[in-house]
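The file target39.cif contains mmCIF, N, CA and C atoms and all ligand atoms:
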```
data_start
#
loop_
_atom_site.label_atom_id
_atom_site.label_comp_id
_atom_site.auth_asym_id
_atom_site.auth_seq_id
_atom_site.Cartn_x
_atom_site.Cartn_y
_atom_site.Cartn_z
N MET E 14 -16.22 35.43 22.30
CA MET E 14 -15.62 34.93 21.04
C MET E 14 -16.69 34.57 20.02
N GLU E 15 -17.93 34.55 20.41
CA GLU E 15 -18.96 34.03 19.50
C GLU E 15 -19.10 34.85 18.23
N HIS E 16 -18.75 36.15 18.30
CA HIS E 16 -18.91 36.99 17.10
C HIS E 16 -17.94 36.57 15.99
N THR E 17 -16.90 35.79 16.32
CA THR E 17 -15.93 35.36 15.30
C THR E 17 -16.21 33.94 14.80
N SER E 18 -17.24 33.35 15.29
CA SER E 18 -17.45 31.92 15.02
C SER E 18 -18.41 31.67 13.85
N ASP E 19 -17.93 30.93 12.85
CA ASP E 19 -18.80 30.54 11.73
C ASP E 19 -19.91 29.62 12.21
N THR E 20 -19.58 28.80 13.19
CA THR E 20 -20.57 27.87 13.73
C THR E 20 -21.74 28.62 14.35
N VAL E 21 -21.41 29.67 15.12
CA VAL E 21 -22.46 30.47 15.75
C VAL E 21 -23.29 31.18 14.69
N LEU E 22 -22.61 31.69 13.64
CA LEU E 22 -23.33 32.38 12.57
C LEU E 22 -24.29 31.42 11.87
N LEU E 23 -23.82 30.21 11.59
CA LEU E 23 -24.69 29.22 10.94
C LEU E 23 -25.90 28.92 11.82
N GLY E 24 -25.66 28.78 13.11
CA GLY E 24 -26.76 28.53 14.04
C GLY E 24 -27.79 29.65 13.99
N LYS E 25 -27.30 30.90 13.90
CA LYS E 25 -28.23 32.04 13.86
C LYS E 25 -29.05 32.01 12.57
N LEU E 26 -28.39 31.67 11.46
CA LEU E 26 -29.11 31.62 10.18
C LEU E 26 -30.19 30.55 10.21
N ILE E 27 -29.85 29.39 10.75
CA ILE E 27 -30.85 28.31 10.84
C ILE E 27 -32.00 28.75 11.73
N ASP E 28 -31.65 29.36 12.85
CA ASP E 28 -32.66 29.85 13.79
C ASP E 28 -33.59 30.84 13.09
N GLU E 29 -32.99 31.82 12.39
CA GLU E 29 -33.81 32.86 11.76
C GLU E 29 -34.70 32.30 10.66
N SER E 30 -34.16 31.34 9.88
CA SER E 30 -34.97 30.81 8.79
C SER E 30 -36.01 29.81 9.28
N SER E 31 -35.76 29.17 10.40
CA SER E 31 -36.69 28.15 10.89
C SER E 31 -37.81 28.73 11.75
N TYR E 32 -37.53 29.82 12.41
CA TYR E 32 -38.48 30.34 13.39
C TYR E 32 -38.71 31.83 13.18
N ALA E 33 -38.86 32.22 11.90
CA ALA E 33 -38.90 33.63 11.56
C ALA E 33 -40.05 34.38 12.22
N ARG E 34 -41.14 33.70 12.50
CA ARG E 34 -42.31 34.43 13.01
C ARG E 34 -42.38 34.45 14.53
N LYS E 35 -41.46 33.83 15.20
CA LYS E 35 -41.50 33.78 16.67
C LYS E 35 -40.82 35.01 17.26
N GLU E 36 -41.03 35.16 18.58
CA GLU E 36 -40.36 36.25 19.28
C GLU E 36 -38.86 36.04 19.20
N ARG E 37 -38.10 37.11 19.05
CA ARG E 37 -36.68 36.98 18.79
C ARG E 37 -35.87 36.81 20.06
N GLN E 38 -34.57 36.66 19.86
CA GLN E 38 -33.65 36.39 20.97
C GLN E 38 -33.76 37.40 22.09
N ILE E 39 -33.64 36.90 23.30
CA ILE E 39 -33.72 37.76 24.47
C ILE E 39 -32.46 37.56 25.29
N GLU E 40 -31.71 38.66 25.46
CA GLU E 40 -30.48 38.59 26.24
C GLU E 40 -30.75 39.12 27.64
N ILE E 41 -30.29 38.38 28.65
CA ILE E 41 -30.54 38.78 30.03
C ILE E 41 -29.23 38.91 30.78
N ASP E 42 -28.99 40.09 31.33
CA ASP E 42 -27.81 40.36 32.18
C ASP E 42 -26.48 40.09 31.49
N ASP E 43 -26.41 40.16 30.19
CA ASP E 43 -25.16 39.79 29.50
C ASP E 43 -24.73 38.38 29.86
N THR E 44 -25.66 37.55 30.28
CA THR E 44 -25.31 36.22 30.80
C THR E 44 -25.94 35.11 29.98
N ILE E 45 -27.22 35.22 29.70
CA ILE E 45 -27.88 34.18 28.91
C ILE E 45 -28.58 34.82 27.71
N VAL E 46 -28.63 34.07 26.62
CA VAL E 46 -29.34 34.53 25.42
C VAL E 46 -30.34 33.45 25.04
N ILE E 47 -31.60 33.76 25.24
CA ILE E 47 -32.66 32.79 24.96
C ILE E 47 -33.08 32.96 23.50
N ASP E 48 -33.11 31.87 22.74
CA ASP E 48 -33.43 31.98 21.31
C ASP E 48 -34.82 32.55 21.10
N TRP E 49 -35.80 31.96 21.72
CA TRP E 49 -37.13 32.55 21.70
C TRP E 49 -37.98 31.93 22.80
N ILE E 50 -39.04 32.64 23.15
CA ILE E 50 -39.90 32.19 24.25
C ILE E 50 -41.33 32.06 23.75
N ASP E 51 -41.92 30.92 24.06
CA ASP E 51 -43.36 30.77 23.85
C ASP E 51 -44.00 31.24 25.16
N SER E 52 -44.37 32.50 25.20
CA SER E 52 -44.82 33.07 26.46
C SER E 52 -46.17 32.51 26.91
N LYS E 53 -46.98 32.05 25.96
CA LYS E 53 -48.29 31.47 26.36
C LYS E 53 -48.10 30.18 27.13
N ARG E 54 -47.18 29.33 26.66
CA ARG E 54 -46.96 28.03 27.32
C ARG E 54 -45.84 28.10 28.36
N GLY E 55 -45.14 29.23 28.45
CA GLY E 55 -44.03 29.36 29.40
C GLY E 55 -42.88 28.44 29.06
N VAL E 56 -42.53 28.41 27.77
CA VAL E 56 -41.45 27.51 27.32
C VAL E 56 -40.33 28.31 26.66
N LEU E 57 -39.10 28.09 27.18
CA LEU E 57 -37.91 28.67 26.55
C LEU E 57 -37.46 27.73 25.45
N HIS E 58 -37.13 28.27 24.30
CA HIS E 58 -36.66 27.43 23.20
C HIS E 58 -35.20 27.71 22.89
N GLU E 59 -34.46 26.64 22.68
CA GLU E 59 -33.07 26.75 22.24
C GLU E 59 -32.97 25.98 20.94
N VAL E 60 -32.57 26.69 19.88
CA VAL E 60 -32.52 26.07 18.56
C VAL E 60 -31.10 25.61 18.28
N LYS E 61 -30.96 24.36 17.87
CA LYS E 61 -29.64 23.81 17.60
C LYS E 61 -29.51 23.42 16.14
N LYS E 62 -28.39 23.83 15.55
CA LYS E 62 -28.16 23.48 14.14
C LYS E 62 -27.67 22.04 13.99
N SER E 63 -27.25 21.48 15.11
CA SER E 63 -26.66 20.15 15.12
C SER E 63 -27.65 19.09 14.61
N ASP E 64 -27.10 18.01 14.05
CA ASP E 64 -27.98 16.91 13.66
C ASP E 64 -27.91 15.78 14.67
N SER E 65 -27.42 16.11 15.88
CA SER E 65 -27.44 15.10 16.94
C SER E 65 -27.79 15.76 18.27
N LEU E 66 -28.48 14.98 19.09
CA LEU E 66 -28.87 15.47 20.41
C LEU E 66 -27.67 15.35 21.33
N GLU E 67 -27.30 16.42 22.02
CA GLU E 67 -26.12 16.37 22.89
C GLU E 67 -26.48 16.76 24.31
N GLU E 68 -25.82 16.12 25.24
CA GLU E 68 -26.06 16.38 26.67
C GLU E 68 -25.77 17.85 27.00
N ALA E 69 -24.74 18.42 26.35
CA ALA E 69 -24.38 19.82 26.63
C ALA E 69 -25.54 20.77 26.30
N HIS E 70 -26.31 20.44 25.27
CA HIS E 70 -27.45 21.28 24.90
C HIS E 70 -28.48 21.31 26.04
N ARG E 71 -28.71 20.12 26.59
CA ARG E 71 -29.69 19.99 27.68
C ARG E 71 -29.24 20.84 28.89
N TRP E 72 -27.94 20.76 29.20
CA TRP E 72 -27.44 21.51 30.36
C TRP E 72 -27.44 23.01 30.12
N GLN E 73 -27.23 23.42 28.89
CA GLN E 73 -27.31 24.85 28.57
C GLN E 73 -28.71 25.38 28.91
N LEU E 74 -29.71 24.64 28.47
CA LEU E 74 -31.08 25.08 28.70
C LEU E 74 -31.47 24.96 30.19
N LEU E 75 -30.99 23.90 30.83
CA LEU E 75 -31.25 23.76 32.27
C LEU E 75 -30.65 24.94 33.02
N TYR E 76 -29.46 25.37 32.60
CA TYR E 76 -28.83 26.53 33.25
C TYR E 76 -29.69 27.78 33.06
N TYR E 77 -30.20 27.98 31.86
CA TYR E 77 -31.08 29.15 31.62
C TYR E 77 -32.29 29.11 32.58
N LEU E 78 -32.90 27.93 32.69
CA LEU E 78 -34.07 27.80 33.56
C LEU E 78 -33.68 28.08 35.02
N TRP E 79 -32.55 27.55 35.41
CA TRP E 79 -32.06 27.75 36.79
C TRP E 79 -31.75 29.23 37.03
N TYR E 80 -31.09 29.86 36.06
CA TYR E 80 -30.70 31.27 36.18
C TYR E 80 -31.96 32.14 36.37
N LEU E 81 -32.96 31.87 35.56
CA LEU E 81 -34.20 32.65 35.67
C LEU E 81 -34.90 32.38 37.00
N LYS E 82 -34.81 31.16 37.48
CA LYS E 82 -35.41 30.84 38.79
C LYS E 82 -34.74 31.65 39.89
N GLN E 83 -33.40 31.83 39.80
CA GLN E 83 -32.69 32.63 40.80
C GLN E 83 -33.17 34.08 40.77
N LYS E 84 -33.67 34.50 39.62
CA LYS E 84 -34.17 35.87 39.49
C LYS E 84 -35.66 35.98 39.79
N GLY E 85 -36.23 34.86 40.27
CA GLY E 85 -37.63 34.89 40.69
C GLY E 85 -38.62 34.44 39.64
N VAL E 86 -38.10 33.95 38.49
CA VAL E 86 -39.01 33.48 37.43
C VAL E 86 -38.98 31.96 37.43
N SER E 87 -39.99 31.35 38.01
CA SER E 87 -40.00 29.89 38.07
C SER E 87 -41.21 29.34 37.31
N GLY E 88 -41.26 28.02 37.24
CA GLY E 88 -42.39 27.37 36.56
C GLY E 88 -42.24 27.31 35.06
N LEU E 89 -41.06 27.69 34.55
CA LEU E 89 -40.85 27.61 33.11
C LEU E 89 -40.35 26.22 32.72
N LYS E 90 -40.55 25.89 31.48
CA LYS E 90 -39.99 24.66 30.93
C LYS E 90 -39.09 25.03 29.75
N GLY E 91 -38.35 24.05 29.28
CA GLY E 91 -37.48 24.30 28.13
C GLY E 91 -37.73 23.31 27.02
N GLU E 92 -37.38 23.72 25.82
CA GLU E 92 -37.48 22.80 24.69
C GLU E 92 -36.30 23.03 23.75
N LEU E 93 -35.59 21.95 23.46
CA LEU E 93 -34.51 22.01 22.48
C LEU E 93 -35.11 21.71 21.12
N ASP E 94 -34.83 22.56 20.15
CA ASP E 94 -35.37 22.37 18.80
C ASP E 94 -34.23 22.04 17.84
N TYR E 95 -34.38 20.95 17.13
CA TYR E 95 -33.38 20.51 16.14
C TYR E 95 -34.04 20.52 14.77
N PRO E 96 -34.06 21.69 14.10
CA PRO E 96 -34.77 21.76 12.82
C PRO E 96 -34.20 20.85 11.74
N LYS E 97 -32.88 20.60 11.76
CA LYS E 97 -32.28 19.76 10.71
C LYS E 97 -32.79 18.33 10.76
N ILE E 98 -33.06 17.85 11.98
CA ILE E 98 -33.54 16.46 12.10
C ILE E 98 -35.00 16.42 12.56
N ARG E 99 -35.61 17.59 12.59
CA ARG E 99 -37.03 17.72 12.95
C ARG E 99 -37.37 16.99 14.25
N GLN E 100 -36.60 17.34 15.28
CA GLN E 100 -36.86 16.75 16.59
C GLN E 100 -36.94 17.84 17.65
N LYS E 101 -37.66 17.54 18.71
CA LYS E 101 -37.77 18.43 19.86
C LYS E 101 -37.51 17.60 21.10
N VAL E 102 -36.85 18.22 22.08
CA VAL E 102 -36.58 17.53 23.34
C VAL E 102 -37.01 18.45 24.48
N SER E 103 -37.86 17.96 25.35
CA SER E 103 -38.31 18.75 26.49
C SER E 103 -37.28 18.70 27.61
N VAL E 104 -37.13 19.82 28.31
CA VAL E 104 -36.16 19.92 29.39
C VAL E 104 -36.84 20.58 30.59
N GLU E 105 -36.67 19.94 31.76
CA GLU E 105 -37.27 20.53 32.97
C GLU E 105 -36.29 20.49 34.12
N LEU E 106 -36.28 21.55 34.90
CA LEU E 106 -35.46 21.57 36.12
C LEU E 106 -36.10 20.66 37.15
N ASN E 107 -35.27 19.99 37.94
CA ASN E 107 -35.79 19.28 39.11
C ASN E 107 -34.74 19.42 40.21
N GLU E 108 -35.03 18.83 41.36
CA GLU E 108 -34.13 18.99 42.51
C GLU E 108 -32.70 18.54 42.18
N GLN E 109 -32.61 17.39 41.51
CA GLN E 109 -31.29 16.83 41.21
C GLN E 109 -30.49 17.71 40.23
N THR E 110 -31.15 18.15 39.16
CA THR E 110 -30.42 18.97 38.19
C THR E 110 -30.03 20.31 38.81
N GLU E 111 -30.88 20.85 39.69
CA GLU E 111 -30.52 22.11 40.36
C GLU E 111 -29.28 21.91 41.22
N GLU E 112 -29.22 20.79 41.94
CA GLU E 112 -28.04 20.51 42.78
C GLU E 112 -26.79 20.39 41.91
N GLU E 113 -26.93 19.71 40.77
CA GLU E 113 -25.77 19.54 39.88
C GLU E 113 -25.30 20.88 39.34
N ILE E 114 -26.22 21.75 38.99
CA ILE E 114 -25.84 23.08 38.49
C ILE E 114 -25.09 23.86 39.57
N ILE E 115 -25.57 23.78 40.80
CA ILE E 115 -24.91 24.49 41.90
C ILE E 115 -23.48 23.95 42.09
N GLU E 116 -23.32 22.63 41.99
CA GLU E 116 -21.98 22.03 42.11
C GLU E 116 -21.07 22.53 40.99
N VAL E 117 -21.59 22.55 39.76
CA VAL E 117 -20.79 23.02 38.62
C VAL E 117 -20.41 24.49 38.82
N MET E 118 -21.36 25.29 39.29
CA MET E 118 -21.08 26.72 39.51
C MET E 118 -19.96 26.90 40.53
N LYS E 119 -19.95 26.05 41.56
CA LYS E 119 -18.86 26.12 42.56
C LYS E 119 -17.52 25.83 41.91
N LYS E 120 -17.51 24.81 41.04
CA LYS E 120 -16.26 24.45 40.36
C LYS E 120 -15.80 25.58 39.43
N VAL E 121 -16.74 26.21 38.76
CA VAL E 121 -16.40 27.34 37.88
C VAL E 121 -15.78 28.46 38.71
N GLU E 122 -16.37 28.73 39.86
CA GLU E 122 -15.84 29.80 40.72
C GLU E 122 -14.43 29.46 41.20
N GLU E 123 -14.18 28.18 41.47
CA GLU E 123 -12.83 27.76 41.88
C GLU E 123 -11.83 28.01 40.76
N VAL E 124 -12.22 27.69 39.53
CA VAL E 124 -11.32 27.91 38.39
C VAL E 124 -11.06 29.40 38.22
N VAL E 125 -12.11 30.21 38.31
CA VAL E 125 -11.95 31.66 38.13
C VAL E 125 -11.04 32.24 39.21
N ALA E 126 -11.16 31.73 40.44
CA ALA E 126 -10.38 32.27 41.55
C ALA E 126 -8.95 31.74 41.57
N SER E 127 -8.70 30.70 40.78
CA SER E 127 -7.37 30.07 40.80
C SER E 127 -6.33 30.98 40.13
N ALA E 128 -5.08 30.89 40.62
CA ALA E 128 -4.00 31.73 40.08
C ALA E 128 -3.56 31.24 38.70
N SER E 129 -3.82 29.98 38.40
CA SER E 129 -3.39 29.47 37.09
C SER E 129 -4.54 28.70 36.44
N ALA E 130 -4.46 28.61 35.12
CA ALA E 130 -5.50 27.90 34.38
C ALA E 130 -5.37 26.40 34.62
N PRO E 131 -6.47 25.68 34.61
CA PRO E 131 -6.37 24.21 34.76
C PRO E 131 -5.67 23.59 33.55
N GLU E 132 -5.23 22.36 33.74
CA GLU E 132 -4.57 21.64 32.64
C GLU E 132 -5.52 21.53 31.44
N LYS E 133 -4.96 21.73 30.24
CA LYS E 133 -5.81 21.65 29.05
C LYS E 133 -6.19 20.20 28.76
N LYS E 134 -7.44 20.00 28.39
CA LYS E 134 -7.90 18.66 28.00
C LYS E 134 -8.66 18.80 26.70
N SER E 135 -8.19 18.11 25.68
CA SER E 135 -8.87 18.18 24.40
C SER E 135 -10.15 17.35 24.45
N ARG E 136 -11.26 17.96 24.06
CA ARG E 136 -12.55 17.28 24.06
C ARG E 136 -13.06 17.18 22.63
N ARG E 137 -13.90 16.21 22.39
CA ARG E 137 -14.48 16.03 21.06
C ARG E 137 -15.15 17.31 20.57
N PHE E 138 -15.86 18.00 21.48
CA PHE E 138 -16.63 19.17 21.06
C PHE E 138 -15.79 20.43 20.93
N CYS E 139 -14.47 20.39 21.28
CA CYS E 139 -13.61 21.57 21.13
C CYS E 139 -13.60 22.05 19.68
N LYS E 140 -13.61 21.10 18.72
CA LYS E 140 -13.48 21.47 17.31
C LYS E 140 -14.62 22.38 16.84
N THR E 141 -15.77 22.28 17.44
CA THR E 141 -16.89 23.12 17.01
C THR E 141 -17.21 24.22 18.01
N CYS E 142 -16.39 24.37 19.03
CA CYS E 142 -16.64 25.37 20.07
C CYS E 142 -16.16 26.74 19.59
N SER E 143 -16.90 27.79 19.93
CA SER E 143 -16.52 29.13 19.49
C SER E 143 -15.27 29.64 20.22
N TYR E 144 -14.83 28.96 21.26
CA TYR E 144 -13.62 29.36 21.97
C TYR E 144 -12.38 28.60 21.48
N PHE E 145 -12.53 27.82 20.40
CA PHE E 145 -11.42 26.95 19.97
C PHE E 145 -10.12 27.73 19.78
N GLU E 146 -10.20 28.86 19.09
CA GLU E 146 -8.97 29.62 18.82
C GLU E 146 -8.35 30.12 20.11
N LEU E 147 -9.17 30.56 21.03
CA LEU E 147 -8.66 31.07 22.29
C LEU E 147 -7.94 29.96 23.08
N CYS E 148 -8.50 28.78 23.07
CA CYS E 148 -7.94 27.68 23.87
C CYS E 148 -6.77 26.98 23.20
N TRP E 149 -6.84 26.81 21.88
CA TRP E 149 -5.92 25.88 21.22
C TRP E 149 -5.01 26.47 20.16
N VAL E 150 -5.22 27.70 19.72
CA VAL E 150 -4.38 28.23 18.63
C VAL E 150 -3.34 29.19 19.18
S1 LIG E 201 -11.68 23.58 26.21
FE1 LIG E 201 -11.96 25.52 25.07
S2 LIG E 201 -12.41 24.88 22.97
FE2 LIG E 201 -12.74 23.07 24.28
S3 LIG E 201 -14.92 23.14 24.80
FE3 LIG E 201 -13.84 24.21 26.48
S4 LIG E 201 -13.88 26.38 25.87
FE4 LIG E 201 -14.37 25.18 24.04
#
```
Rewrite the coordinates I just gave you, this time as structure tokens.
Amino acid sequence: MEHTSDTVLLGKLIDESSYARKERQIEIDDTIVIDWIDSKRGVLHEVKKSDSLEEAHRWQLLYYLWYLKQKGVSGLKGELDYPKIRQKVSVELNEQTEEEIIEVMKKVEEVVASASAPEKKSRRFCKTCSYFELCWV
């Protein structure tokens, strides 16, 4: 659904104007899209248009790091970039976050395997999610 989202488009524009000289987006397995990589320092960057730091952003990047580790690429770090508020947040996988990701993946698989969709729950972030129309309209 991201191709229909104004929010995603705005994020891309901010990304392109803020980091024009960096290596561009890298899509892996139709599963993750890394905004850019600082290959010298081994850091994945995720650029956020938001003017607030959100836990979901951290987990998105942790998932990317975990996904790459499953593919044999380890030792990477992550950095969330917030150009609007000129802040950076470092993100690193550790034993606990890896366990939490595995638990979440199990729950996702349960939902996918279920015969019916789970009960809908309206969340604060639904309004800016690119799946809003699919879930709520
Ligand atoms: S419930 Fe739907 S709209 Fe809300 S965050 Fe999840 S995918 Fe997005």
Which residues of chain E sit at most 6.5 Å from ligand LIG 201 (chain E), using only N, CA and C atoms and all ligand atoms? Give each one's shortest atom pair and distance in Å (one decimal place), in chain and ascending residue order, as a tab-separated table.
```
residue	atom	partner	partner_atom	distance
E:Lys134	C	E:LIG201	S1	5.7
E:Ser135	CA	E:LIG201	FE2	6.2
E:Arg136	N	E:LIG201	FE2	5.3
E:Phe138	C	E:LIG201	S3	4.8
E:Cys139	CA	E:LIG201	FE2	3.6
E:Lys140	N	E:LIG201	S2	5.8
E:Cys142	CA	E:LIG201	FE4	4.6
E:Ser143	N	E:LIG201	FE4	5.5
E:Tyr144	C	E:LIG201	S2	4.0
E:Phe145	CA	E:LIG201	S2	3.8
E:Glu146	N	E:LIG201	S2	6.0
E:Leu147	C	E:LIG201	FE1	6.3
E:Cys148	CA	E:LIG201	FE1	4.7
E:Trp149	N	E:LIG201	S2	6.0
```
Next item on the list: Excluding E:Pro96 and residues on its chain fewer than 2 positions from it, collect all residues at most 6.5 Å away from it, counting all atoms listed in the file, and give them as a ChimeraX atom specification.
Entry: /E:60-62,94,98-100
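With all atoms listed in the file as the basis for measurement, E:Tyr76 is the residue among E:Asp48, E:Arg71, E:Arg37, E:Tyr76 that approaches E:Ile114 most closely.
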Notebook entry, point to check: How many Å lie between atom CA of E:Leu106 and atom CA of E:Lys53, rounded to one decimal?
Noted result: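 These two atoms are separated by 18.9 Å.
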Sel. of helix (DSSP H, G or I) residues, chain E, as a compact mmCIF listing (two decimals) with N, CA and C atoms, in the coordinates of the input:
```
# COMPACT_ATOMS: atom_id res chain seq x y z
N GLU E 15 -17.93 34.55 20.41
CA GLU E 15 -18.96 34.03 19.50
C GLU E 15 -19.10 34.85 18.23
N HIS E 16 -18.75 36.15 18.30
CA HIS E 16 -18.91 36.99 17.10
C HIS E 16 -17.94 36.57 15.99
N THR E 17 -16.90 35.79 16.32
CA THR E 17 -15.93 35.36 15.30
C THR E 17 -16.21 33.94 14.80
N ASP E 19 -17.93 30.93 12.85
CA ASP E 19 -18.80 30.54 11.73
C ASP E 19 -19.91 29.62 12.21
N THR E 20 -19.58 28.80 13.19
CA THR E 20 -20.57 27.87 13.73
C THR E 20 -21.74 28.62 14.35
N VAL E 21 -21.41 29.67 15.12
CA VAL E 21 -22.46 30.47 15.75
C VAL E 21 -23.29 31.18 14.69
N LEU E 22 -22.61 31.69 13.64
CA LEU E 22 -23.33 32.38 12.57
C LEU E 22 -24.29 31.42 11.87
N LEU E 23 -23.82 30.21 11.59
CA LEU E 23 -24.69 29.22 10.94
C LEU E 23 -25.90 28.92 11.82
N GLY E 24 -25.66 28.78 13.11
CA GLY E 24 -26.76 28.53 14.04
C GLY E 24 -27.79 29.65 13.99
N LYS E 25 -27.30 30.90 13.90
CA LYS E 25 -28.23 32.04 13.86
C LYS E 25 -29.05 32.01 12.57
N LEU E 26 -28.39 31.67 11.46
CA LEU E 26 -29.11 31.62 10.18
C LEU E 26 -30.19 30.55 10.21
N ILE E 27 -29.85 29.39 10.75
CA ILE E 27 -30.85 28.31 10.84
C ILE E 27 -32.00 28.75 11.73
N ASP E 28 -31.65 29.36 12.85
CA ASP E 28 -32.66 29.85 13.79
C ASP E 28 -33.59 30.84 13.09
N GLU E 29 -32.99 31.82 12.39
CA GLU E 29 -33.81 32.86 11.76
C GLU E 29 -34.70 32.30 10.66
N SER E 30 -34.16 31.34 9.88
CA SER E 30 -34.97 30.81 8.79
C SER E 30 -36.01 29.81 9.28
N SER E 31 -35.76 29.17 10.40
CA SER E 31 -36.69 28.15 10.89
C SER E 31 -37.81 28.73 11.75
N GLU E 68 -25.82 16.12 25.24
CA GLU E 68 -26.06 16.38 26.67
C GLU E 68 -25.77 17.85 27.00
N ALA E 69 -24.74 18.42 26.35
CA ALA E 69 -24.38 19.82 26.63
C ALA E 69 -25.54 20.77 26.30
N HIS E 70 -26.31 20.44 25.27
CA HIS E 70 -27.45 21.28 24.90
C HIS E 70 -28.48 21.31 26.04
N ARG E 71 -28.71 20.12 26.59
CA ARG E 71 -29.69 19.99 27.68
C ARG E 71 -29.24 20.84 28.89
N TRP E 72 -27.94 20.76 29.20
CA TRP E 72 -27.44 21.51 30.36
C TRP E 72 -27.44 23.01 30.12
N GLN E 73 -27.23 23.42 28.89
CA GLN E 73 -27.31 24.85 28.57
C GLN E 73 -28.71 25.38 28.91
N LEU E 74 -29.71 24.64 28.47
CA LEU E 74 -31.08 25.08 28.70
C LEU E 74 -31.47 24.96 30.19
N LEU E 75 -30.99 23.90 30.83
CA LEU E 75 -31.25 23.76 32.27
C LEU E 75 -30.65 24.94 33.02
N TYR E 76 -29.46 25.37 32.60
CA TYR E 76 -28.83 26.53 33.25
C TYR E 76 -29.69 27.78 33.06
N TYR E 77 -30.20 27.98 31.86
CA TYR E 77 -31.08 29.15 31.62
C TYR E 77 -32.29 29.11 32.58
N LEU E 78 -32.90 27.93 32.69
CA LEU E 78 -34.07 27.80 33.56
C LEU E 78 -33.68 28.08 35.02
N TRP E 79 -32.55 27.55 35.41
CA TRP E 79 -32.06 27.75 36.79
C TRP E 79 -31.75 29.23 37.03
N TYR E 80 -31.09 29.86 36.06
CA TYR E 80 -30.70 31.27 36.18
C TYR E 80 -31.96 32.14 36.37
N LEU E 81 -32.96 31.87 35.56
CA LEU E 81 -34.20 32.65 35.67
C LEU E 81 -34.90 32.38 37.00
N LYS E 82 -34.81 31.16 37.48
CA LYS E 82 -35.41 30.84 38.79
C LYS E 82 -34.74 31.65 39.89
N GLN E 83 -33.40 31.83 39.80
CA GLN E 83 -32.69 32.63 40.80
C GLN E 83 -33.17 34.08 40.77
N GLU E 108 -35.03 18.83 41.36
CA GLU E 108 -34.13 18.99 42.51
C GLU E 108 -32.70 18.54 42.18
N GLN E 109 -32.61 17.39 41.51
CA GLN E 109 -31.29 16.83 41.21
C GLN E 109 -30.49 17.71 40.23
N THR E 110 -31.15 18.15 39.16
CA THR E 110 -30.42 18.97 38.19
C THR E 110 -30.03 20.31 38.81
N GLU E 111 -30.88 20.85 39.69
CA GLU E 111 -30.52 22.11 40.36
C GLU E 111 -29.28 21.91 41.22
N GLU E 112 -29.22 20.79 41.94
CA GLU E 112 -28.04 20.51 42.78
C GLU E 112 -26.79 20.39 41.91
N GLU E 113 -26.93 19.71 40.77
CA GLU E 113 -25.77 19.54 39.88
C GLU E 113 -25.30 20.88 39.34
N ILE E 114 -26.22 21.75 38.99
CA ILE E 114 -25.84 23.08 38.49
C ILE E 114 -25.09 23.86 39.57
N ILE E 115 -25.57 23.78 40.80
CA ILE E 115 -24.91 24.49 41.90
C ILE E 115 -23.48 23.95 42.09
N GLU E 116 -23.32 22.63 41.99
CA GLU E 116 -21.98 22.03 42.11
C GLU E 116 -21.07 22.53 40.99
N VAL E 117 -21.59 22.55 39.76
CA VAL E 117 -20.79 23.02 38.62
C VAL E 117 -20.41 24.49 38.82
N MET E 118 -21.36 25.29 39.29
CA MET E 118 -21.08 26.72 39.51
C MET E 118 -19.96 26.90 40.53
N LYS E 119 -19.95 26.05 41.56
CA LYS E 119 -18.86 26.12 42.56
C LYS E 119 -17.52 25.83 41.91
N LYS E 120 -17.51 24.81 41.04
CA LYS E 120 -16.26 24.45 40.36
C LYS E 120 -15.80 25.58 39.43
N VAL E 121 -16.74 26.21 38.76
CA VAL E 121 -16.40 27.34 37.88
C VAL E 121 -15.78 28.46 38.71
N GLU E 122 -16.37 28.73 39.86
CA GLU E 122 -15.84 29.80 40.72
C GLU E 122 -14.43 29.46 41.20
N GLU E 123 -14.18 28.18 41.47
CA GLU E 123 -12.83 27.76 41.88
C GLU E 123 -11.83 28.01 40.76
N VAL E 124 -12.22 27.69 39.53
CA VAL E 124 -11.32 27.91 38.39
C VAL E 124 -11.06 29.40 38.22
N VAL E 125 -12.11 30.21 38.31
CA VAL E 125 -11.95 31.66 38.13
C VAL E 125 -11.04 32.24 39.21
N ALA E 126 -11.16 31.73 40.44
CA ALA E 126 -10.38 32.27 41.55
C ALA E 126 -8.95 31.74 41.57
N ARG E 137 -13.90 16.21 22.39
CA ARG E 137 -14.48 16.03 21.06
C ARG E 137 -15.15 17.31 20.57
N PHE E 138 -15.86 18.00 21.48
CA PHE E 138 -16.63 19.17 21.06
C PHE E 138 -15.79 20.43 20.93
N CYS E 139 -14.47 20.39 21.28
CA CYS E 139 -13.61 21.57 21.13
C CYS E 139 -13.60 22.05 19.68
N LYS E 140 -13.61 21.10 18.72
CA LYS E 140 -13.48 21.47 17.31
C LYS E 140 -14.62 22.38 16.84
N THR E 141 -15.77 22.28 17.44
CA THR E 141 -16.89 23.12 17.01
C THR E 141 -17.21 24.22 18.01
N PHE E 145 -12.53 27.82 20.40
CA PHE E 145 -11.42 26.95 19.97
C PHE E 145 -10.12 27.73 19.78
N GLU E 146 -10.20 28.86 19.09
CA GLU E 146 -8.97 29.62 18.82
C GLU E 146 -8.35 30.12 20.11
N LEU E 147 -9.17 30.56 21.03
CA LEU E 147 -8.66 31.07 22.29
C LEU E 147 -7.94 29.96 23.08
N CYS E 148 -8.50 28.78 23.07
CA CYS E 148 -7.94 27.68 23.87
C CYS E 148 -6.77 26.98 23.20
N TRP E 149 -6.84 26.81 21.88
CA TRP E 149 -5.92 25.88 21.22
C TRP E 149 -5.01 26.47 20.16
```
Note to self: For a test of reading the model, state the distance in Å between atom N of E:Arg137 and atom CA of E:Ala69, rounded to one decimal.
What the structure shows: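 Those two atoms sit 11.9 Å apart.
Across the structure, atom CA of E:Lys82 and atom CA of E:His70 are spaced 18.6 Å apart.
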Margin query: According to DSSP computed on the backbone, where in stretch 30-136 of chain E is there strand (DSSP E or B)? Give the residues as a PyMOL selection string.
Written below: chain E and resi 39-41+45-47+49-51+56-60+90-95+100-104
Margin query: Taking only N, CA and C atoms into account, name the residue in E:Tyr95, E:Thr44, E:Gln38, E:Lys84 that is nearest to E:Ser63.
Written below: E:Tyr95
